[in-house]
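This is model.csv (CSV, C-alpha atoms).
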```
chain,number,residue,atom,x,y,z
A,1,MET,CA,131.5,133.8,19.1
A,2,SER,CA,128.9,134.2,21.8
A,3,SER,CA,129.9,135.0,25.3
A,4,LYS,CA,130.7,132.2,27.8
A,5,ILE,CA,129.3,134.1,30.7
A,6,ALA,CA,126.3,136.3,31.4
A,7,GLN,CA,126.5,139.9,30.3
A,8,ILE,CA,125.9,142.4,33.0
A,9,PRO,CA,123.6,144.7,31.0
A,10,LEU,CA,121.4,141.7,30.3
A,11,VAL,CA,121.1,140.7,34.0
A,12,SER,CA,117.6,141.5,35.3
A,13,GLY,CA,117.3,143.7,38.4
A,14,HIS,CA,114.8,144.4,41.1
A,15,PRO,CA,115.1,146.5,44.3
A,16,GLU,CA,114.7,143.3,46.4
A,17,VAL,CA,117.2,141.2,44.5
A,18,TYR,CA,120.9,141.0,45.1
A,19,GLU,CA,122.9,142.4,42.1
A,20,PRO,CA,125.9,140.6,40.8
A,21,CYS,CA,128.8,141.7,43.0
A,22,ASP,CA,132.4,140.6,43.8
A,23,ASP,CA,131.2,137.3,45.3
A,24,SER,CA,129.1,136.5,42.2
A,25,PHE,CA,132.1,137.4,39.9
A,26,ALA,CA,134.4,135.3,42.0
A,27,LEU,CA,132.1,132.2,41.7
A,28,VAL,CA,131.7,132.7,37.9
A,29,ASP,CA,135.4,133.2,37.5
A,30,ALA,CA,136.1,130.0,39.4
A,31,LEU,CA,133.6,128.1,37.3
A,32,LEU,CA,135.1,129.6,34.2
A,33,ALA,CA,138.6,128.5,35.2
A,34,ASP,CA,137.2,125.0,35.8
A,35,ARG,CA,135.2,125.0,32.6
A,36,SER,CA,137.2,122.3,30.7
A,37,SER,CA,136.9,120.0,33.7
A,38,LEU,CA,133.2,120.7,33.9
A,39,LEU,CA,132.7,119.9,30.2
A,40,GLU,CA,134.7,116.7,30.6
A,41,HIS,CA,132.7,115.8,33.6
A,42,GLN,CA,129.5,115.8,31.4
A,43,PRO,CA,127.0,116.6,34.2
A,44,ARG,CA,123.4,115.7,33.5
A,45,LEU,CA,121.8,117.9,36.0
A,46,CYS,CA,123.2,121.1,37.5
A,47,MET,CA,121.6,123.2,40.2
A,48,GLU,CA,122.1,126.5,41.8
A,49,ILE,CA,120.8,127.1,45.3
A,50,GLY,CA,120.0,130.8,45.8
A,51,CYS,CA,120.1,132.0,42.2
A,52,GLY,CA,119.4,135.7,43.0
A,53,SER,CA,119.6,137.8,39.8
A,54,GLY,CA,120.4,134.6,37.7
A,55,TYR,CA,123.9,135.8,36.8
A,56,VAL,CA,125.6,132.6,38.0
A,57,ILE,CA,123.2,129.9,36.7
A,58,THR,CA,123.0,131.8,33.3
A,59,SER,CA,126.8,131.9,33.2
A,60,LEU,CA,127.0,128.2,34.0
A,61,ALA,CA,124.4,127.3,31.3
A,62,LEU,CA,126.3,129.4,28.7
A,63,MET,CA,129.6,127.8,29.7
A,64,LEU,CA,128.2,124.3,29.4
A,65,SER,CA,126.3,125.1,26.1
A,66,PRO,CA,128.7,122.8,24.1
A,67,LEU,CA,127.0,119.9,26.0
A,68,GLY,CA,123.7,120.8,24.4
A,69,SER,CA,120.6,119.0,25.7
A,70,GLN,CA,122.7,116.4,27.6
A,71,VAL,CA,122.6,118.8,30.6
A,72,HIS,CA,119.7,120.5,32.2
A,73,PHE,CA,119.6,123.1,35.0
A,74,PHE,CA,117.6,123.8,38.2
A,75,ALA,CA,117.7,127.0,40.2
A,76,THR,CA,116.0,127.9,43.5
A,77,ASP,CA,115.6,131.0,45.5
A,78,ILE,CA,113.7,131.8,48.7
A,79,ASN,CA,112.9,135.2,47.2
A,80,LEU,CA,110.1,135.1,44.5
A,81,HIS,CA,111.5,138.4,43.0
A,82,ALA,CA,114.8,136.7,42.6
A,83,ALA,CA,113.2,133.7,40.9
A,84,GLU,CA,111.5,136.0,38.5
A,85,ALA,CA,114.7,138.0,37.9
A,86,THR,CA,116.5,134.8,37.1
A,87,ARG,CA,114.0,133.8,34.6
A,88,ALA,CA,114.4,137.2,32.8
A,89,THR,CA,118.2,136.9,32.9
A,90,LEU,CA,118.1,133.4,31.5
A,91,GLU,CA,115.7,134.5,28.7
A,92,ALA,CA,117.8,137.5,27.8
A,93,HIS,CA,120.7,135.1,27.2
A,94,ASP,CA,118.6,132.5,25.4
A,95,VAL,CA,119.3,129.7,27.8
A,96,HIS,CA,117.0,127.7,30.1
A,97,SER,CA,116.9,126.6,33.6
A,98,GLU,CA,114.0,125.3,35.6
A,99,ILE,CA,113.3,127.7,38.5
A,100,VAL,CA,111.6,126.9,41.8
A,101,ALA,CA,110.8,129.3,44.5
A,102,ALA,CA,111.9,127.3,47.5
A,103,ASP,CA,113.9,127.4,50.8
A,104,ILE,CA,117.2,125.8,49.7
A,105,ALA,CA,115.9,122.7,47.9
A,106,SER,CA,112.7,122.1,49.8
A,107,GLY,CA,110.3,120.2,47.7
A,108,LEU,CA,113.0,119.0,45.4
A,109,GLN,CA,115.5,117.3,47.6
A,110,ARG,CA,113.6,114.1,48.2
A,111,ARG,CA,113.2,113.1,44.5
A,112,LEU,CA,116.4,114.8,43.3
A,113,ALA,CA,118.5,113.0,45.9
A,114,GLY,CA,121.7,111.6,44.3
A,115,MET,CA,120.9,113.0,40.9
A,116,VAL,CA,122.6,116.3,40.7
A,117,ASP,CA,126.1,116.3,39.3
A,118,VAL,CA,127.0,120.0,39.9
A,119,VAL,CA,125.7,122.2,42.7
A,120,VAL,CA,126.7,125.8,42.9
A,121,VAL,CA,126.0,128.1,45.9
A,122,ASN,CA,126.8,131.7,46.7
A,123,PRO,CA,125.2,131.5,50.1
A,124,PRO,CA,124.2,134.3,52.5
A,125,TYR,CA,127.5,134.4,54.3
A,126,VAL,CA,127.6,137.8,56.1
A,127,PRO,CA,127.8,137.5,59.9
A,128,THR,CA,124.6,139.2,61.2
A,129,PRO,CA,122.2,139.0,64.1
A,130,GLU,CA,120.3,135.6,64.0
A,131,GLU,CA,116.9,137.3,63.5
A,132,GLU,CA,117.9,138.7,60.1
A,133,VAL,CA,118.4,135.2,58.6
A,134,GLY,CA,115.7,134.1,56.1
A,135,CYS,CA,114.0,137.5,56.2
A,136,GLU,CA,111.8,138.5,53.3
A,137,GLY,CA,113.4,140.2,50.3
A,138,ILE,CA,117.0,141.1,49.8
A,139,THR,CA,118.1,140.6,53.4
A,140,ALA,CA,117.8,136.8,52.8
A,141,SER,CA,120.5,137.1,50.1
A,142,TRP,CA,123.3,138.0,52.6
A,143,ALA,CA,122.2,137.6,56.2
A,144,GLY,CA,124.1,134.6,57.5
A,145,GLY,CA,123.6,134.7,61.3
A,146,GLU,CA,126.5,133.9,63.7
A,147,ASP,CA,129.8,133.7,61.8
A,148,GLY,CA,127.7,133.8,58.7
A,149,ARG,CA,127.2,130.1,59.0
A,150,LYS,CA,123.5,129.7,59.7
A,151,VAL,CA,122.4,129.1,56.1
A,152,ILE,CA,125.6,127.5,55.0
A,153,ASP,CA,125.2,124.9,57.7
A,154,LYS,CA,121.7,124.2,56.4
A,155,ILE,CA,122.8,124.0,52.8
A,156,LEU,CA,125.7,121.5,53.3
A,157,PRO,CA,123.6,118.4,54.3
A,158,VAL,CA,121.1,119.3,51.5
A,159,ALA,CA,123.9,119.5,48.9
A,160,ASP,CA,125.3,116.2,50.2
A,161,LYS,CA,121.9,114.6,49.7
A,162,LEU,CA,121.4,116.1,46.2
A,163,LEU,CA,124.8,115.3,44.8
A,164,SER,CA,125.4,112.2,42.7
A,165,ASP,CA,128.3,109.9,43.3
A,166,LYS,CA,130.3,112.0,40.9
A,167,GLY,CA,128.8,115.2,42.2
A,168,TRP,CA,130.8,118.5,42.6
A,169,LEU,CA,129.8,121.3,44.9
A,170,TYR,CA,131.1,124.9,44.4
A,171,MET,CA,130.6,127.2,47.3
A,172,VAL,CA,131.6,130.8,48.1
A,173,ALA,CA,132.8,131.4,51.7
A,174,LEU,CA,134.4,134.2,53.6
A,175,THR,CA,137.4,133.9,56.0
A,176,ALA,CA,134.9,134.8,58.7
A,177,ASN,CA,132.8,131.7,57.9
A,178,ASN,CA,135.8,129.5,58.9
A,179,PRO,CA,136.3,127.7,55.6
A,180,SER,CA,138.5,125.0,57.2
A,181,ASP,CA,135.7,124.1,59.4
A,182,ILE,CA,133.3,123.9,56.4
A,183,CYS,CA,135.8,121.5,54.8
A,184,LEU,CA,135.8,119.5,58.0
A,185,VAL,CA,132.0,119.2,58.0
A,186,MET,CA,132.1,118.0,54.4
A,187,ARG,CA,135.1,115.8,55.1
A,188,GLU,CA,132.9,113.9,57.6
A,189,LYS,CA,130.4,113.4,54.8
A,190,GLY,CA,133.2,111.9,52.6
A,191,TYR,CA,134.2,114.9,50.6
A,192,ALA,CA,137.6,116.2,49.6
A,193,SER,CA,137.9,119.9,49.0
A,194,ARG,CA,140.1,122.5,47.5
A,195,ILE,CA,140.1,126.3,47.4
A,196,ILE,CA,140.0,127.0,43.7
A,197,LEU,CA,139.9,130.8,44.0
A,198,GLN,CA,140.9,133.2,46.7
A,199,ARG,CA,140.4,136.9,46.3
A,200,SER,CA,140.6,139.8,48.8
A,201,THR,CA,138.5,142.8,48.1
A,202,GLU,CA,138.3,146.0,50.2
A,203,GLU,CA,135.5,144.5,52.3
A,204,GLU,CA,136.0,140.8,52.4
A,205,SER,CA,138.3,137.9,51.8
A,206,LEU,CA,136.4,135.6,49.4
A,207,HIS,CA,137.0,131.9,48.8
A,208,VAL,CA,135.5,129.6,46.3
A,209,ILE,CA,135.7,126.0,47.6
A,210,LYS,CA,135.2,123.0,45.4
A,211,PHE,CA,134.0,119.7,47.0
A,212,TRP,CA,133.9,116.2,45.5
A,213,ARG,CA,133.4,112.8,46.9
A,214,GLU,CA,136.7,111.4,47.9
A,215,SER,CA,136.3,108.1,46.1
A,216,VAL,CA,136.0,109.9,42.8
A,217,ALA,CA,139.1,112.0,43.4
A,218,ASP,CA,141.3,108.9,43.0
A,219,VAL,CA,140.2,108.3,39.5
A,220,ASN,CA,140.3,111.9,38.5
A,221,GLY,CA,144.0,112.9,38.2
A,222,ARG,CA,143.2,116.5,37.9
A,223,GLN,CA,141.7,116.6,41.3
A,224,SER,CA,144.3,114.5,43.1
A,225,VAL,CA,147.2,116.1,45.0
A,226,ALA,CA,150.5,114.8,43.7
A,227,SER,CA,151.9,114.1,47.1
A,228,GLY,CA,149.1,111.5,47.7
A,229,GLY,CA,149.6,109.7,51.0
A,230,THR,CA,146.8,110.1,53.4
A,231,GLY,CA,144.4,111.7,50.9
A,232,SER,CA,144.1,114.9,49.1
A,233,TRP,CA,142.3,116.9,51.7
A,234,PHE,CA,144.6,116.1,54.5
A,235,SER,CA,147.6,116.8,52.5
A,236,GLN,CA,146.2,120.2,51.7
A,237,LEU,CA,145.2,121.0,55.2
A,238,PRO,CA,148.5,122.6,56.4
A,239,PHE,CA,148.6,124.8,53.3
A,240,MET,CA,145.0,125.8,53.7
A,241,SER,CA,145.2,126.7,57.3
A,242,SER,CA,148.4,128.7,56.9
A,243,LEU,CA,146.7,130.6,54.0
A,244,TRP,CA,143.7,131.4,56.2
A,245,GLN,CA,145.9,132.5,59.1
A,246,ARG,CA,147.7,134.8,56.8
A,247,ASN,CA,144.4,136.2,55.6
A,248,GLU,CA,143.3,136.7,59.2
A,249,SER,CA,146.4,138.5,60.2
A,250,SER,CA,146.4,140.7,57.1
A,251,ARG,CA,142.9,141.8,58.0
A,252,THR,CA,143.7,142.8,61.5
B,253,MET,CA,107.8,124.4,34.7
B,254,ARG,CA,108.6,121.3,32.8
B,255,LEU,CA,107.2,117.9,33.6
B,256,LEU,CA,110.8,116.9,34.5
B,257,THR,CA,110.5,119.4,37.4
B,258,HIS,CA,107.0,118.2,38.3
B,259,ASN,CA,108.4,114.7,38.5
B,260,MET,CA,111.0,115.9,41.0
B,261,LEU,CA,108.7,118.0,43.2
B,262,SER,CA,107.0,116.8,46.3
B,263,SER,CA,104.7,118.6,48.8
B,264,ASN,CA,107.0,119.6,51.6
B,265,ILE,CA,104.4,120.6,54.2
B,266,ARG,CA,105.1,119.4,57.7
B,267,GLY,CA,103.2,116.2,58.5
B,268,VAL,CA,102.7,115.2,54.9
B,269,VAL,CA,103.9,111.6,54.5
B,270,ASN,CA,103.7,111.1,50.8
B,271,GLY,CA,103.4,114.4,49.0
B,272,PHE,CA,104.0,112.9,45.5
B,273,PRO,CA,103.0,113.3,42.8
B,274,LEU,CA,101.5,116.8,43.0
B,275,GLY,CA,98.3,117.4,41.0
B,276,ILE,CA,98.6,119.9,38.2
B,277,GLU,CA,96.1,122.6,37.4
B,278,ALA,CA,97.3,124.0,34.1
B,279,GLU,CA,95.9,127.3,32.9
B,280,LYS,CA,98.5,128.2,30.3
B,281,VAL,CA,100.8,125.6,28.7
B,282,VAL,CA,103.4,126.4,26.1
B,283,GLU,CA,105.7,124.2,24.0
B,284,ARG,CA,109.3,125.1,23.3
B,285,GLU,CA,111.4,123.1,20.9
B,286,VAL,CA,114.5,121.5,22.5
B,287,GLU,CA,117.2,119.4,20.9
B,288,LEU,CA,116.7,115.8,21.7
B,289,SER,CA,119.5,114.1,23.6
B,290,ALA,CA,119.0,110.3,23.7
B,291,GLU,CA,121.8,110.1,26.2
B,292,PHE,CA,120.1,112.4,28.6
B,293,LEU,CA,116.8,110.6,28.2
B,294,ARG,CA,118.3,107.2,28.8
B,295,GLY,CA,120.2,108.4,31.8
B,296,VAL,CA,117.2,110.1,33.5
B,297,PHE,CA,114.6,107.4,32.6
B,298,PRO,CA,115.3,105.1,35.6
B,299,LYS,CA,114.7,108.1,37.9
B,300,ILE,CA,111.4,109.1,36.4
B,301,GLU,CA,108.1,108.1,38.0
B,302,TRP,CA,106.3,107.1,34.9
B,303,GLY,CA,102.8,107.2,36.3
B,304,ALA,CA,103.4,110.8,37.4
B,305,LEU,CA,104.7,111.8,33.9
B,306,VAL,CA,101.7,110.2,32.2
B,307,ALA,CA,99.3,112.0,34.6
B,308,GLY,CA,101.3,115.3,34.0
B,309,ALA,CA,101.0,115.0,30.2
B,310,ARG,CA,97.3,114.3,30.6
B,311,ALA,CA,96.9,117.4,32.8
B,312,LEU,CA,98.7,119.5,30.1
B,313,GLY,CA,96.2,118.4,27.5
B,314,HIS,CA,98.2,115.5,26.0
B,315,PRO,CA,96.4,112.3,27.1
B,316,ASP,CA,97.7,110.2,24.2
B,317,LEU,CA,101.3,111.3,24.2
B,318,LEU,CA,102.8,108.6,26.4
B,319,PRO,CA,102.1,104.9,26.8
B,320,GLY,CA,100.5,104.0,30.2
B,321,GLU,CA,103.5,101.9,31.2
B,322,ALA,CA,107.1,102.0,30.1
B,323,ASP,CA,110.3,100.0,30.6
B,324,ALA,CA,113.9,100.5,29.7
B,325,SER,CA,113.7,98.3,26.5
B,326,MET,CA,111.4,101.0,25.0
B,327,LEU,CA,114.3,103.4,25.0
B,328,ALA,CA,115.5,101.7,21.8
B,329,SER,CA,112.6,103.1,19.9
B,330,ASP,CA,113.0,106.6,18.3
B,331,ASP,CA,109.2,107.1,18.5
B,332,PHE,CA,109.2,106.4,22.2
B,333,LEU,CA,112.2,108.7,22.7
B,334,ARG,CA,110.5,111.6,20.9
B,335,ARG,CA,107.3,111.2,22.9
B,336,PHE,CA,109.3,111.0,26.2
B,337,HIS,CA,111.4,114.0,25.2
B,338,ARG,CA,108.4,116.1,24.3
B,339,ALA,CA,106.6,115.3,27.6
B,340,LEU,CA,109.6,115.7,29.8
B,341,LEU,CA,111.3,118.7,28.4
B,342,GLN,CA,109.2,120.5,25.7
B,343,LEU,CA,105.9,121.2,27.5
B,344,HIS,CA,105.9,124.0,30.1
B,345,VAL,CA,103.2,125.0,32.5
B,346,GLU,CA,103.4,128.9,32.5
B,347,GLU,CA,100.4,129.6,34.7
B,348,GLY,CA,98.5,127.3,37.0
B,349,ALA,CA,99.1,125.5,40.3
B,350,LEU,CA,100.4,122.3,41.8
B,351,VAL,CA,98.2,120.6,44.4
B,352,CYS,CA,99.4,118.6,47.4
B,353,PRO,CA,97.8,115.1,47.1
B,354,GLU,CA,97.3,114.8,50.8
B,355,THR,CA,96.2,118.3,52.0
B,356,GLY,CA,94.9,119.9,48.8
B,357,ARG,CA,97.2,122.9,49.4
B,358,ARG,CA,97.8,124.7,46.2
B,359,PHE,CA,101.3,125.9,45.2
B,360,PRO,CA,100.8,128.6,42.5
B,361,ILE,CA,102.8,128.6,39.2
B,362,ASN,CA,103.4,132.0,37.8
B,363,LYS,CA,105.6,132.9,34.9
B,364,GLY,CA,106.6,129.2,34.8
B,365,ILE,CA,107.9,129.3,38.4
B,366,PRO,CA,106.3,127.0,41.0
B,367,ASN,CA,106.2,128.6,44.4
B,368,MET,CA,107.0,125.9,46.9
B,369,LEU,CA,107.5,128.4,49.8
B,370,LEU,CA,105.7,127.5,52.9
B,371,HIS,CA,103.9,129.5,55.5
B,372,GLU,CA,105.3,129.6,59.0
B,373,ASP,CA,102.7,127.1,60.3
B,374,GLU,CA,103.5,124.6,57.5
B,375,VAL,CA,107.3,124.3,58.1
```
Could I get this structure in the form of structure tokens?
Amino acid sequence: MSSKIAQIPLVSGHPEVYEPCDDSFALVDALLADRSSLLEHQPRLCMEIGCGSGYVITSLALMLSPLGSQVHFFATDINLHAAEATRATLEAHDVHSEIVAADIASGLQRRLAGMVDVVVVNPPYVPTPEEEVGCEGITASWAGGEDGRKVIDKILPVADKLLSDKGWLYMVALTANNPSDICLVMREKGYASRIILQRSTEEESLHVIKFWRESVADVNGRQSVASGGTGSWFSQLPFMSSLWQRNESSRT
Amino acid sequence: MRLLTHNMLSSNIRGVVNGFPLGIEAEKVVEREVELSAEFLRGVFPKIEWGALVAGARALGHPDLLPGEADASMLASDDFLRRFHRALLQLHVEEGALVCPETGRRFPINKGIPNMLLHEDEV
């Protein structure tokens, strides 16, 4: 049986391209854990913003291969070397995604608005000086500006615009990015959210957050929180904030 | 770059009002067999700008592949689905450029990847 995720030896590399690392593995593990939901969801178009080496989009394409040609993929990166590495990684695994060298989804977001059923993002989330954000080459893959939120805060409205009514967003974030605030920003756009993976490494506390439009949550039992009441996101909020506080205190 | 992608791309230069559709200068076109999914084609059809797809197929050397106009009733025809599928998903521009319809600015396509990155004075 062929592998469900990309194989590291087949991932293309370049000195100016971010190699698959703990955050990439966390995102792919979270997607893999959610794979049966994704297959049931039957997305038509999936998109990765910031595809880097191509490890994540290749893994997603492999995971969803039972859907055959019912689903097609787009991937973007601001770094042309990354776009080329992604192409090589996809080819090495015999899967296809369209690739566009673009800043977030610039050039695509107008026509693709409301069409994308799954968006995945491992954004540049590392807190850095503002001037490092969007630099050429590999720096763009991690430099996130103040609180690591500079690029995340640009991606969120774009993801909202791209996502279809049944759209799901998977995003990696650090504790330092203030995930509860990211959820609040998306809450205001009508999204419920859940941390589907939380993992502490030596260097960082990683979260993978899944977002979906609240109206859809009601018809998707898997997504709903049993306690119901005021809505899934609110009912999770006390749990989430206590989790983050614990993480913060364990880091200090 | 598939024509599906071409159909979703607009010129994103500051000041451009209607950057769609982009012109295509195709230097190298390849065709790759893809399994046909009628479900995908029927789902995506309402979102496709047909005129841009026809122009794209023509630019890729297939002027007779698609009918000049199309409506949803044609999706019942297997012949139409095969033609639509071939144009949308099987033809790839490997080398060439996309051209902004308003400014003439060229966006190069290398190794099948359109480069939509803008210069600082275009953002």
Legend entry - Using only C-alpha atoms: which of A:Ala140, A:Val116, A:Val95, A:Ile78 has the shortest distance to A:Asp165: A:Val116
Inset, instruction - Between atom CA of A:Arg149 and atom CA of A:Met171, measure the distance and give it in Å to one decimal. - result: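 Atom-to-atom, atom CA of A:Arg149 and atom CA of A:Met171 are spaced 12.5 Å apart.
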Inset, instruction - Can you work out which one of A:Gln109, A:Val172, A:Ile99, A:Pro124 has the shortest atom-to-atom distance to B:Glu346, counting all atoms listed in the file? - result: A:Ile99
Legend entry - Best match for closeness to chain B among A:Ala61, A:Ile49, A:Ala75, A:Leu39, counting all atoms listed in the file: A:Ala75
Chain B residues within 8 Å of chain A, counting all atoms listed in the file: which ones, as a PDB file with C-alpha atoms, in the coordinates of the input?
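Saved to iface21.pdb:
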```pdb
ATOM      1  CA  MET B 253     107.800 124.400  34.700  1.00  0.00           C
ATOM      2  CA  ARG B 254     108.600 121.300  32.800  1.00  0.00           C
ATOM      3  CA  THR B 257     110.500 119.400  37.400  1.00  0.00           C
ATOM      4  CA  ASN B 259     108.400 114.700  38.500  1.00  0.00           C
ATOM      5  CA  MET B 260     111.000 115.900  41.000  1.00  0.00           C
ATOM      6  CA  LEU B 261     108.700 118.000  43.200  1.00  0.00           C
ATOM      7  CA  SER B 262     107.000 116.800  46.300  1.00  0.00           C
ATOM      8  CA  SER B 263     104.700 118.600  48.800  1.00  0.00           C
ATOM      9  CA  ASN B 264     107.000 119.600  51.600  1.00  0.00           C
ATOM     10  CA  VAL B 286     114.500 121.500  22.500  1.00  0.00           C
ATOM     11  CA  GLU B 287     117.200 119.400  20.900  1.00  0.00           C
ATOM     12  CA  LEU B 288     116.700 115.800  21.700  1.00  0.00           C
ATOM     13  CA  SER B 289     119.500 114.100  23.600  1.00  0.00           C
ATOM     14  CA  GLU B 291     121.800 110.100  26.200  1.00  0.00           C
ATOM     15  CA  PHE B 292     120.100 112.400  28.600  1.00  0.00           C
ATOM     16  CA  LYS B 363     105.600 132.900  34.900  1.00  0.00           C
ATOM     17  CA  GLY B 364     106.600 129.200  34.800  1.00  0.00           C
ATOM     18  CA  ILE B 365     107.900 129.300  38.400  1.00  0.00           C
ATOM     19  CA  PRO B 366     106.300 127.000  41.000  1.00  0.00           C
ATOM     20  CA  ASN B 367     106.200 128.600  44.400  1.00  0.00           C
ATOM     21  CA  MET B 368     107.000 125.900  46.900  1.00  0.00           C
ATOM     22  CA  LEU B 369     107.500 128.400  49.800  1.00  0.00           C
TER      23      LEU B 369
END
```
Inset, instruction - Using only C-alpha atoms, find all polymer residues with an atom at most 7 Å away from the point (126.9, 130.7, 46.4); report them as a PyMOL selection string. - result: chain A and resi 50+120-123+171-172
Legend entry - Closest of A:Gly114, A:Gly54, A:Gly13, A:Pro127 to B:Val296 - atom-to-atom distances counting all atoms listed in the file: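 Residue with the minimum atom-to-atom distance to B:Val296: A:Gly114.
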Inset, instruction - Mind giving me the straight-line distance from atom CA of B:His314 to atom CA of B:Ala278 in Å, one decimal? - result: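 So the answer is 11.8 Å.
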Legend entry - Computed interatomic separation between atom CA of B:Leu293 and atom CA of B:Leu333 (Å):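 The value is 7.4 Å.
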